[in-house]
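S.K.: This is run-v9.txt, which holds compact mmCIF, C-alpha atoms and all ligand atoms:
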# COMPACT_ATOMS: atom_id res chain seq x y z
CA MET I 6 -22.62 -4.64 -31.86
CA LYS I 7 -22.45 -0.86 -32.30
CA LYS I 8 -22.65 1.30 -29.25
CA TYR I 9 -25.00 4.14 -30.24
CA ILE I 10 -24.59 7.19 -28.14
CA GLY I 11 -26.33 10.49 -28.03
CA LEU I 12 -24.79 13.75 -26.89
CA GLU I 13 -25.85 12.99 -23.33
CA ASP I 14 -23.88 9.76 -23.50
CA MET I 15 -20.69 11.52 -24.45
CA SER I 16 -19.30 10.42 -21.14
CA HIS I 17 -15.76 11.08 -20.13
CA VAL I 18 -15.17 7.32 -20.34
CA ASN I 19 -15.83 7.40 -24.09
CA CYS I 20 -13.81 10.57 -24.56
CA SER I 21 -10.89 9.14 -22.59
CA SER I 22 -10.92 5.85 -24.47
CA VAL I 23 -10.92 7.67 -27.83
CA LEU I 24 -7.99 9.80 -26.69
CA HIS I 25 -6.14 6.72 -25.40
CA ILE I 26 -6.55 5.10 -28.82
CA ILE I 27 -5.27 8.17 -30.65
CA ARG I 28 -2.31 8.32 -28.29
CA SER I 29 -1.36 4.66 -28.61
CA HIS I 30 -1.56 4.78 -32.43
CA GLY I 31 0.36 8.02 -32.85
CA GLU I 32 -1.69 8.85 -35.95
CA ILE I 33 -5.07 7.52 -36.90
CA SER I 34 -8.09 8.24 -39.13
CA ARG I 35 -11.71 8.81 -38.04
CA LYS I 36 -12.67 5.55 -39.72
CA GLN I 37 -10.11 3.60 -37.68
CA ILE I 38 -11.30 5.22 -34.45
CA ALA I 39 -14.89 4.17 -35.15
CA GLU I 40 -13.75 0.62 -35.92
CA LEU I 41 -11.49 0.28 -32.90
CA THR I 42 -13.90 1.74 -30.34
CA GLY I 43 -17.09 0.20 -31.72
CA LEU I 44 -18.73 3.63 -31.49
CA SER I 45 -21.25 4.62 -34.15
CA TRP I 46 -20.07 7.11 -36.79
CA GLY I 47 -22.22 9.80 -35.21
CA GLY I 48 -20.96 9.08 -31.70
CA MET I 49 -17.33 9.03 -32.80
CA THR I 50 -17.78 12.28 -34.75
CA LYS I 51 -19.21 14.09 -31.72
CA ILE I 52 -16.32 13.02 -29.53
CA VAL I 53 -13.60 13.72 -32.10
CA ASN I 54 -15.06 17.15 -32.89
CA LYS I 55 -15.17 18.00 -29.21
CA LEU I 56 -11.58 16.82 -28.64
CA PHE I 57 -10.57 18.97 -31.61
CA GLU I 58 -12.48 21.98 -30.31
CA LYS I 59 -10.82 21.68 -26.88
CA GLU I 60 -7.43 21.36 -28.62
CA TYR I 61 -6.60 17.88 -27.39
CA ILE I 62 -6.00 16.71 -30.96
CA THR I 63 -5.03 18.02 -34.37
CA GLU I 64 -6.39 16.88 -37.71
CA GLU I 65 -4.49 17.37 -40.93
CA LYS I 66 -4.60 16.09 -44.50
CA ASP I 67 -2.33 13.08 -44.95
CA SER I 68 0.71 14.53 -46.77
CA ALA I 69 1.97 11.01 -47.57
CA PHE I 70 -1.25 10.15 -49.46
CA THR I 71 -0.57 9.55 -53.17
CA GLY I 72 -3.84 7.93 -54.32
CA SER I 73 -6.66 9.60 -56.20
CA GLY I 74 -9.86 11.06 -54.79
CA ARG I 75 -10.34 12.74 -51.43
CA ILE I 76 -7.20 13.08 -49.33
CA PRO I 77 -7.77 11.32 -46.01
CA LYS I 78 -7.20 13.21 -42.78
CA ILE I 79 -4.95 12.14 -39.96
CA ILE I 80 -5.61 12.74 -36.27
CA ARG I 81 -2.80 13.19 -33.74
CA ILE I 82 -2.43 14.32 -30.13
CA ASN I 83 -1.92 18.09 -30.01
CA GLU I 84 1.74 18.65 -29.16
CA LYS I 85 1.23 22.29 -28.23
CA LYS I 86 -1.51 22.04 -25.59
CA HIS I 87 -2.45 20.12 -22.46
CA PHE I 88 0.86 19.34 -20.82
CA VAL I 89 1.62 17.28 -17.75
CA VAL I 90 4.54 17.23 -15.34
CA GLY I 91 6.38 14.32 -13.78
CA THR I 92 8.69 14.99 -10.84
CA ASP I 93 11.11 12.86 -8.89
CA ILE I 94 11.90 14.01 -5.38
CA ASN I 95 14.74 12.04 -3.89
CA ARG I 96 17.52 12.51 -1.43
CA SER I 97 20.13 13.56 -3.96
CA GLY I 98 18.12 15.64 -6.38
CA LEU I 99 14.88 17.11 -7.66
CA ARG I 100 13.98 16.31 -11.23
CA ALA I 101 11.02 17.30 -13.33
CA CYS I 102 9.93 16.76 -16.89
CA VAL I 103 7.10 18.48 -18.74
CA THR I 104 5.59 16.48 -21.59
CA ASP I 105 2.57 16.56 -23.86
CA LEU I 106 -0.08 13.84 -23.54
CA SER I 107 1.91 11.59 -25.89
CA GLY I 108 4.94 11.75 -23.60
CA ASN I 109 6.99 14.04 -25.86
CA LYS I 110 9.44 16.01 -23.75
CA LYS I 111 8.97 19.79 -23.64
CA GLN I 112 11.40 20.71 -20.87
CA GLU I 113 13.53 19.07 -18.20
CA TYR I 114 14.62 20.35 -14.81
CA PHE I 115 17.27 19.23 -12.36
CA GLU I 116 18.43 20.65 -9.06
CA GLU I 117 20.60 19.30 -6.28
CA ASN I 118 18.58 18.58 -3.19
CA CYS I 119 20.00 20.19 -0.05
CA TYR I 120 17.85 20.54 3.05
CA LYS I 121 18.31 20.61 6.77
CA ASN I 122 14.70 20.18 7.78
CA LYS I 123 11.11 19.85 6.60
CA ASN I 124 10.61 23.53 5.78
CA GLU I 125 13.70 23.69 3.62
CA LEU I 126 12.75 20.55 1.71
CA LEU I 127 9.20 21.80 1.20
CA ASP I 128 10.55 25.16 -0.03
CA ARG I 129 12.75 23.36 -2.54
CA ILE I 130 9.79 21.41 -3.92
CA ILE I 131 7.61 24.52 -4.15
CA GLN I 132 10.40 26.52 -5.82
CA LEU I 133 10.76 23.80 -8.44
CA PHE I 134 7.03 23.97 -9.22
CA GLU I 135 7.14 27.78 -9.30
CA LYS I 136 9.89 27.59 -11.89
CA ILE I 137 7.87 25.14 -14.01
CA PHE I 138 4.76 27.31 -13.84
CA ARG I 139 6.76 30.40 -14.83
CA ASP I 140 7.87 28.51 -17.96
CA PHE I 141 4.38 27.09 -18.61
CA PRO I 142 1.93 29.69 -17.36
CA GLY I 143 -1.87 29.64 -17.26
CA ASP I 144 -3.62 26.30 -17.54
CA THR I 145 -1.01 24.68 -19.84
CA ILE I 146 -0.28 22.07 -17.16
CA GLN I 147 -3.20 20.36 -15.48
CA THR I 148 -1.75 17.23 -13.93
CA ALA I 149 1.38 16.41 -11.97
CA VAL I 150 2.67 13.12 -10.63
CA ILE I 151 5.34 13.12 -7.95
CA ALA I 152 7.63 10.16 -7.58
CA MET I 153 8.99 10.28 -4.09
CA GLN I 154 11.42 8.38 -1.95
CA GLY I 155 10.52 7.16 1.50
CA LYS I 156 7.35 5.90 3.13
CA MET I 157 4.03 7.23 1.90
CA ASN I 158 0.31 6.77 1.68
CA ALA I 159 0.00 7.27 -2.07
CA GLN I 160 -3.81 7.14 -2.09
CA LYS I 161 -4.09 9.94 0.48
CA GLY I 162 -1.18 11.86 -1.04
CA ILE I 163 0.74 11.84 2.23
CA SER I 164 4.49 11.52 2.40
CA ILE I 165 5.00 9.82 5.77
CA HIS I 166 8.77 9.89 5.95
CA PHE I 167 11.60 11.19 3.78
CA PRO I 168 15.16 9.87 4.07
CA GLY I 169 17.53 12.22 5.85
CA CYS I 170 14.78 14.61 6.99
CA ALA I 171 13.99 13.90 10.62
CA ASP I 172 11.02 16.29 11.08
CA TRP I 173 9.37 15.33 7.76
CA ARG I 174 6.35 13.47 9.13
CA ASP I 175 2.97 12.88 7.48
CA VAL I 176 3.29 15.77 5.02
CA PRO I 177 0.14 16.18 2.85
CA ILE I 178 2.29 17.03 -0.15
CA THR I 179 -0.41 16.64 -2.81
CA ASP I 180 -2.85 18.93 -0.95
CA ILE I 181 -0.15 21.56 -0.50
CA LEU I 182 0.67 21.61 -4.21
CA LYS I 183 -2.96 21.32 -5.34
CA LYS I 184 -3.94 24.41 -3.35
CA ARG I 185 -0.96 26.44 -4.40
CA PHE I 186 -0.91 25.65 -8.11
CA GLN I 187 -4.55 24.65 -8.82
CA ILE I 188 -3.67 21.38 -10.53
CA ASP I 189 -4.30 17.68 -10.01
CA VAL I 190 -1.43 16.11 -8.11
CA GLN I 191 -0.80 12.46 -7.47
CA LEU I 192 1.86 10.86 -5.31
CA GLU I 193 3.62 7.66 -6.38
CA HIS I 194 6.39 5.47 -5.03
CA ASP I 195 9.46 6.04 -7.14
CA PRO I 196 9.98 2.31 -7.88
CA ASP I 197 6.42 2.24 -9.31
CA CYS I 198 7.31 5.10 -11.65
CA ILE I 199 10.55 3.45 -12.78
CA LEU I 200 8.65 0.24 -13.42
CA PHE I 201 5.95 2.12 -15.35
CA SER I 202 8.59 3.57 -17.67
CA GLU I 203 9.66 -0.02 -18.46
CA SER I 204 6.46 -2.05 -18.33
CA GLY I 205 5.35 -1.07 -21.83
CA LYS I 206 8.35 -2.92 -23.25
CA LYS I 207 7.94 -6.26 -21.46
CA LYS I 208 5.16 -8.82 -21.30
CA GLY I 209 4.04 -10.75 -18.23
CA ASN I 210 4.84 -9.95 -14.61
CA LEU I 211 7.76 -7.71 -13.84
CA LEU I 212 9.58 -6.91 -10.59
CA LEU I 213 11.77 -3.98 -9.71
CA PHE I 214 14.14 -3.54 -6.78
CA ARG I 215 15.57 -0.13 -6.04
CA ILE I 216 18.65 -0.72 -3.93
CA ASP I 217 20.43 2.10 -2.15
CA GLN I 218 20.54 2.48 1.63
CA SER I 219 17.43 0.36 1.77
CA VAL I 220 15.42 -1.69 -0.73
CA GLY I 221 12.25 -0.57 -2.45
CA MET I 222 10.17 -2.92 -4.54
CA ALA I 223 7.55 -2.54 -7.25
CA VAL I 224 5.52 -5.14 -9.10
CA SER I 225 3.62 -4.95 -12.33
CA ILE I 226 1.14 -7.70 -13.18
CA ASP I 227 0.47 -7.85 -16.92
CA GLY I 228 1.49 -4.22 -17.29
CA LYS I 229 -0.61 -2.97 -14.34
CA PRO I 230 1.13 -1.78 -11.17
CA LEU I 231 0.29 -3.66 -7.99
CA LYS I 232 -0.86 -1.12 -5.43
CA GLY I 233 -1.64 -1.03 -1.75
CA THR I 234 -0.42 0.88 1.26
CA GLY I 235 2.20 -0.99 3.28
CA ILE I 236 2.63 -3.87 0.85
CA LEU I 237 5.85 -4.97 -0.89
CA GLU I 238 7.96 -3.86 2.07
CA VAL I 239 10.73 -6.24 1.19
CA ALA I 240 13.53 -4.46 3.10
CA HIS I 241 12.73 -6.13 6.42
CA THR I 242 11.91 -9.62 5.20
CA LEU I 243 14.15 -12.24 6.79
CA VAL I 244 16.71 -13.60 4.38
CA ILE I 245 19.25 -15.08 6.80
CA PRO I 246 17.58 -16.30 10.02
CA ASN I 247 19.52 -14.98 13.04
CA GLY I 248 21.84 -13.11 10.66
CA LYS I 249 23.18 -9.57 10.87
CA PRO I 250 21.39 -7.25 13.31
CA CYS I 251 19.13 -4.71 11.58
CA GLU I 252 18.18 -1.17 12.63
CA CYS I 253 14.57 -2.34 12.90
CA GLY I 254 15.43 -4.63 15.83
CA LEU I 255 15.25 -7.92 13.94
CA SER I 256 18.24 -9.93 12.77
CA GLY I 257 18.88 -11.11 9.23
CA CYS I 258 16.72 -8.63 7.28
CA LEU I 259 17.67 -7.85 3.68
CA GLU I 260 18.31 -4.23 4.68
CA ALA I 261 20.90 -5.29 7.27
CA TYR I 262 23.02 -6.59 4.37
CA VAL I 263 22.32 -3.76 1.94
CA ARG I 264 22.73 -0.71 4.16
CA PRO I 265 26.48 -1.09 4.95
CA CYS I 266 27.42 -1.50 1.26
CA ILE I 267 27.66 2.24 0.65
CA ASN I 268 28.92 4.55 3.35
CA HIS I 269 29.06 8.30 2.65
CA GLY I 270 29.08 7.61 -1.08
CA LYS I 271 31.95 5.07 -0.79
CA ILE I 272 31.48 1.43 -1.67
CA ASN I 273 32.54 -1.25 0.81
CA LYS I 274 33.56 -4.29 -1.23
CA GLN I 275 33.48 -6.74 1.65
CA MET I 276 29.93 -5.70 2.55
CA VAL I 277 28.94 -5.98 -1.11
CA GLY I 278 30.25 -9.55 -1.06
CA GLU I 279 28.10 -10.37 1.96
CA MET I 280 25.03 -8.78 0.35
CA ILE I 281 24.99 -10.98 -2.78
CA TYR I 282 23.50 -14.18 -1.35
CA PRO I 283 20.72 -12.43 0.64
CA LEU I 284 19.80 -10.45 -2.49
CA ALA I 285 19.73 -13.62 -4.62
CA VAL I 286 17.42 -15.25 -2.04
CA THR I 287 15.10 -12.24 -2.15
CA ILE I 288 14.96 -12.21 -5.95
CA PHE I 289 14.29 -15.95 -5.99
CA ASN I 290 11.51 -15.70 -3.37
CA MET I 291 9.79 -12.71 -4.93
CA THR I 292 9.88 -14.05 -8.49
CA SER I 293 8.26 -17.22 -7.13
CA VAL I 294 5.58 -15.31 -5.21
CA PHE I 295 4.67 -13.07 -8.16
CA HIS I 296 5.30 -15.58 -10.94
CA ALA I 297 7.70 -13.19 -12.64
CA ASP I 298 10.59 -14.01 -14.91
CA ALA I 299 12.02 -10.55 -15.41
CA VAL I 300 13.60 -8.34 -12.74
CA ILE I 301 14.93 -4.80 -12.98
CA LEU I 302 17.59 -3.69 -10.50
CA THR I 303 18.16 0.00 -10.01
CA GLY I 304 19.33 2.48 -7.34
CA ASP I 305 22.65 3.79 -6.03
CA LEU I 306 24.15 0.36 -5.36
CA ILE I 307 23.43 -0.73 -8.93
CA SER I 308 25.85 1.85 -10.30
CA PHE I 309 28.50 -0.51 -8.82
CA HIS I 310 26.93 -3.60 -10.38
CA SER I 311 30.13 -4.67 -12.11
CA LEU I 312 31.40 -5.59 -8.61
CA PHE I 313 28.68 -8.19 -8.01
CA GLU I 314 26.69 -8.84 -11.19
CA LYS I 315 28.42 -12.13 -12.13
CA LYS I 316 28.30 -13.60 -8.64
CA LEU I 317 24.66 -12.58 -8.20
CA ILE I 318 23.67 -14.34 -11.41
CA THR I 319 25.58 -17.48 -10.32
CA GLU I 320 23.95 -17.50 -6.86
CA LEU I 321 20.54 -16.96 -8.38
CA GLN I 322 21.05 -19.77 -10.87
CA LYS I 323 21.95 -22.16 -8.05
CA LEU I 324 18.58 -21.39 -6.48
CA THR I 325 16.42 -21.36 -9.59
CA GLY I 326 17.89 -24.37 -11.41
CA ASN I 327 16.38 -24.58 -14.87
CA LYS I 328 14.01 -21.65 -14.46
CA LYS I 329 15.41 -18.57 -16.23
CA ILE I 330 15.13 -15.13 -14.68
CA GLU I 331 16.08 -12.14 -16.79
CA LEU I 332 18.02 -9.58 -14.75
CA THR I 333 18.38 -6.01 -16.00
CA PHE I 334 20.74 -3.59 -14.25
CA THR I 335 19.94 0.04 -14.88
CA ASP I 336 21.41 3.18 -13.38
CA ASP I 337 19.40 5.57 -15.52
CA VAL I 338 18.53 8.29 -13.02
CA LYS I 339 15.88 9.77 -15.32
CA LYS I 340 13.62 6.72 -15.33
CA ALA I 341 11.53 7.69 -12.30
CA VAL I 342 10.75 11.13 -13.68
CA LYS I 343 9.97 9.68 -17.11
CA GLY I 344 7.59 7.14 -15.56
CA ALA I 345 5.98 9.85 -13.43
CA ALA I 346 5.28 11.94 -16.55
CA LEU I 347 3.80 8.91 -18.33
CA ILE I 348 1.52 8.19 -15.37
CA ALA I 349 0.53 11.88 -15.32
CA ALA I 350 -0.43 11.71 -19.01
CA GLU I 351 -2.59 8.62 -18.34
CA GLN I 352 -4.21 10.38 -15.40
CA ALA I 353 -4.88 13.52 -17.42
CA ILE I 354 -6.54 11.51 -20.18
CA ASN I 355 -8.63 9.49 -17.69
CA ALA I 356 -9.79 12.68 -16.01
CA ILE I 357 -10.84 14.40 -19.23
CA ARG I 358 -14.20 16.24 -19.10
CA LEU I 359 -15.52 17.82 -22.27
ZN ZN Y 1 15.06 -4.98 9.51
Please express the file's structure as structure tokens.
M.R.:
Amino acid sequence: MKKYIGLEDMSHVNCSSVLHIIRSHGEISRKQIAELTGLSWGGMTKIVNKLFEKEYITEEKDSAFTGSGRIPKIIRINEKKHFVVGTDINRSGLRACVTDLSGNKKQEYFEENCYKNKNELLDRIIQLFEKIFRDFPGDTIQTAVIAMQGKMNAQKGISIHFPGCADWRDVPITDILKKRFQIDVQLEHDPDCILFSESGKKKGNLLLFRIDQSVGMAVSIDGKPLKGTGILEVAHTLVIPNGKPCECGLSGCLEAYVRPCINHGKINKQMVGEMIYPLAVTIFNMTSVFHADAVILTGDLISFHSLFEKKLITELQKLTGNKKIELTFTDDVKKAVKGAALIAAEQAINAIRL
């Protein structure tokens, strides 16, 4: 059935879904858009014309066309307008990436992260944004997503705690940046962003563990991130009852085995050895809970994965038996920022008002 819409029905939902379709196809004709959306020709035309007028898309004659008659036109996302920014704020560095709505990179930023207290860290973040807005002035950038380490309330945009910054408590980071730069800002857990950069490539349910001084976890269910404040806190789940004492007061938490593996940037091989079984138990339990058969491992400890990869796979196999779990080790430090930019592009398209 055709969905007939008048101008008054040119809701942002329709505009966003048309733009999503153009983005996922890369290039597309008006005819295909009408077919794929089920919009009437008139409805599609109104939306496409408006998207063109507001410079979200470009439309050009198909240079590859060799047939006779009228040369068909091809619609693409405009690569010169409407940019978004993804940032990754973590203990060791500040990264940012500006992309167009298709995710094409325009510029990348990296700075070491040195701070003694909350004010210094906040200054660093603001300086990074100032730099970006000097390079992309005016309203070129409308949406930013910040991937951040530490505890947070992502929905409220509050960073509750940041590793290594004692007086960083309940910082309304999105409000601060929104006011200062007049853009939409969204806060995300960095494991969610890393997972988002990967979830397009894999089907089914996917888990991610970011392992450094602690363990962060993210879950995607059929390509959609699982969200909720205070969930997936895997670091203090009990893996070895009455095991090693943990900083949280319990004994035998996963974190108690992970934390001593790296000390001041140096790897402790004995501690790594003791961490393998608890990690295998965690992976086994979580893949069972979330019915996942693929797991991504990332974070500082994973850059030493050659030390424990084989043993971890063996331990995991002992637990899982015939069930196969695909483990991917990745130490690509740019994944969080890439995922943040992709989420920002999605957000920008969802928020479109014509
Ligand atoms: Zn604990």
S.K.: Residues at most 6 Å from ligand ZN 1 (chain Y), using only C-alpha atoms and all ligand atoms? Could they come as a list in words?
M.R.: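 Sorted by chain and then by number, the residues are His241, Cys251, Glu252, Cys253, Leu255, Cys258 and Glu260 of chain I.
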S.K.: List every residue of segment 44-144 of chain I that has an atom at most 12 Å from any atom of segment 292-306 of chain I, and for each one report the closest atom pair and its distance in Å to one decimal, counting all atoms listed in the file, with rows sorted by chain and then by increasing residue number, as a tab-separated table.
M.R.:
residue	atom	partner	partner_atom	distance
I:Asn95	CA	I:Gly304	CA	11.2
I:Arg96	CA	I:Asp305	CA	11.1
I:Ser97	CA	I:Asp305	CA	10.3
S.K.: Quick one: distance from atom CA of Lys207 of chain I to atom CA of Ser225 of chain I in Å, one decimal?
M.R.: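 Distance between the two atoms: 10.2 Å.
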S.K.: Find the distance between atom CA of Pro230 of chain I and atom CA of Ile38 of chain I and write it in Å to one decimal.
M.R.: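 One can read the atom CA of Pro230 of chain I to atom CA of Ile38 of chain I distance as 27.3 Å.
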S.K.: Distance atom CA of Lys249 of chain I-atom CA of Trp173 of chain I, one decimal place?
M.R.: 28.6 Å
S.K.: Would you pick out the contacts of segment 25-31 of chain I at 7 Å or less, using all atoms listed in the file, so that residues sharing its chain but fewer than 6 positions from it are not included, and give the list as a PyMOL selection string?
M.R.: chain I and resi 81-82+107
S.K.: Kindly indicate which residue among I:Glu58, I:Leu312, I:Gly209, I:Thr242 lies nearest to Ser256 of chain I, using all atoms listed in the file for the distances.
M.R.: I:Thr242
S.K.: Residues within 12 Å of Ile216 of chain I, please, as a VMD selection string. Count all atoms listed in the file; anything in the same chain fewer than 5 positions from it doesn't count.
M.R.: chain I and resid 154 195 to 196 221 to 223 239 to 240 259 to 260 262 to 267 277 280 284 301 to 310 334 to 336
S.K.: Which residue out of I:Pro168, I:Arg35, I:Asn268, I:Lys329 has the minimum interatomic distance to Gly47 of chain I when only C-alpha atoms are used?
M.R.: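 When distances to Gly47 of chain I are compared using only C-alpha atoms, the smallest one comes from I:Arg35.
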S.K.: Tell me which protein, DNA and RNA residues are within 7 Å of Val89 of chain I, counting only C-alpha atoms, leaving out same-chain ones fewer than 6 positions away, and put them as a list of chain:residue names.
M.R.: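 Everything that qualifies: I:Val103, I:Thr104, I:Asp105, I:Leu106, I:Ile146, I:Gln147, I:Thr148, I:Ala149, I:Ala346, I:Ala349, I:Ala350.
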S.K.: Counting only C-alpha atoms, find the residues whose atoms lie at most 10 Å from (-11.4, 8.1, -31.5) (file coordinates) and write them out as a ChimeraX atom specification.
M.R.: /I:19-28,33-44,48-54,56,80
S.K.: Please determine, counting all atoms listed in the file, which residue among I:Asn273, I:Thr325, I:Asn122, I:Asn83 has the shortest atom-to-atom distance to Asn109 of chain I.
M.R.: I:Asn83
S.K.: So, counting only C-alpha atoms, which residue among I:Lys208, I:Arg129, I:Lys123, I:Lys85 is closest to Arg174 of chain I?
M.R.: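 Using only C-alpha atoms, Arg174 of chain I sits closest to I:Lys123.
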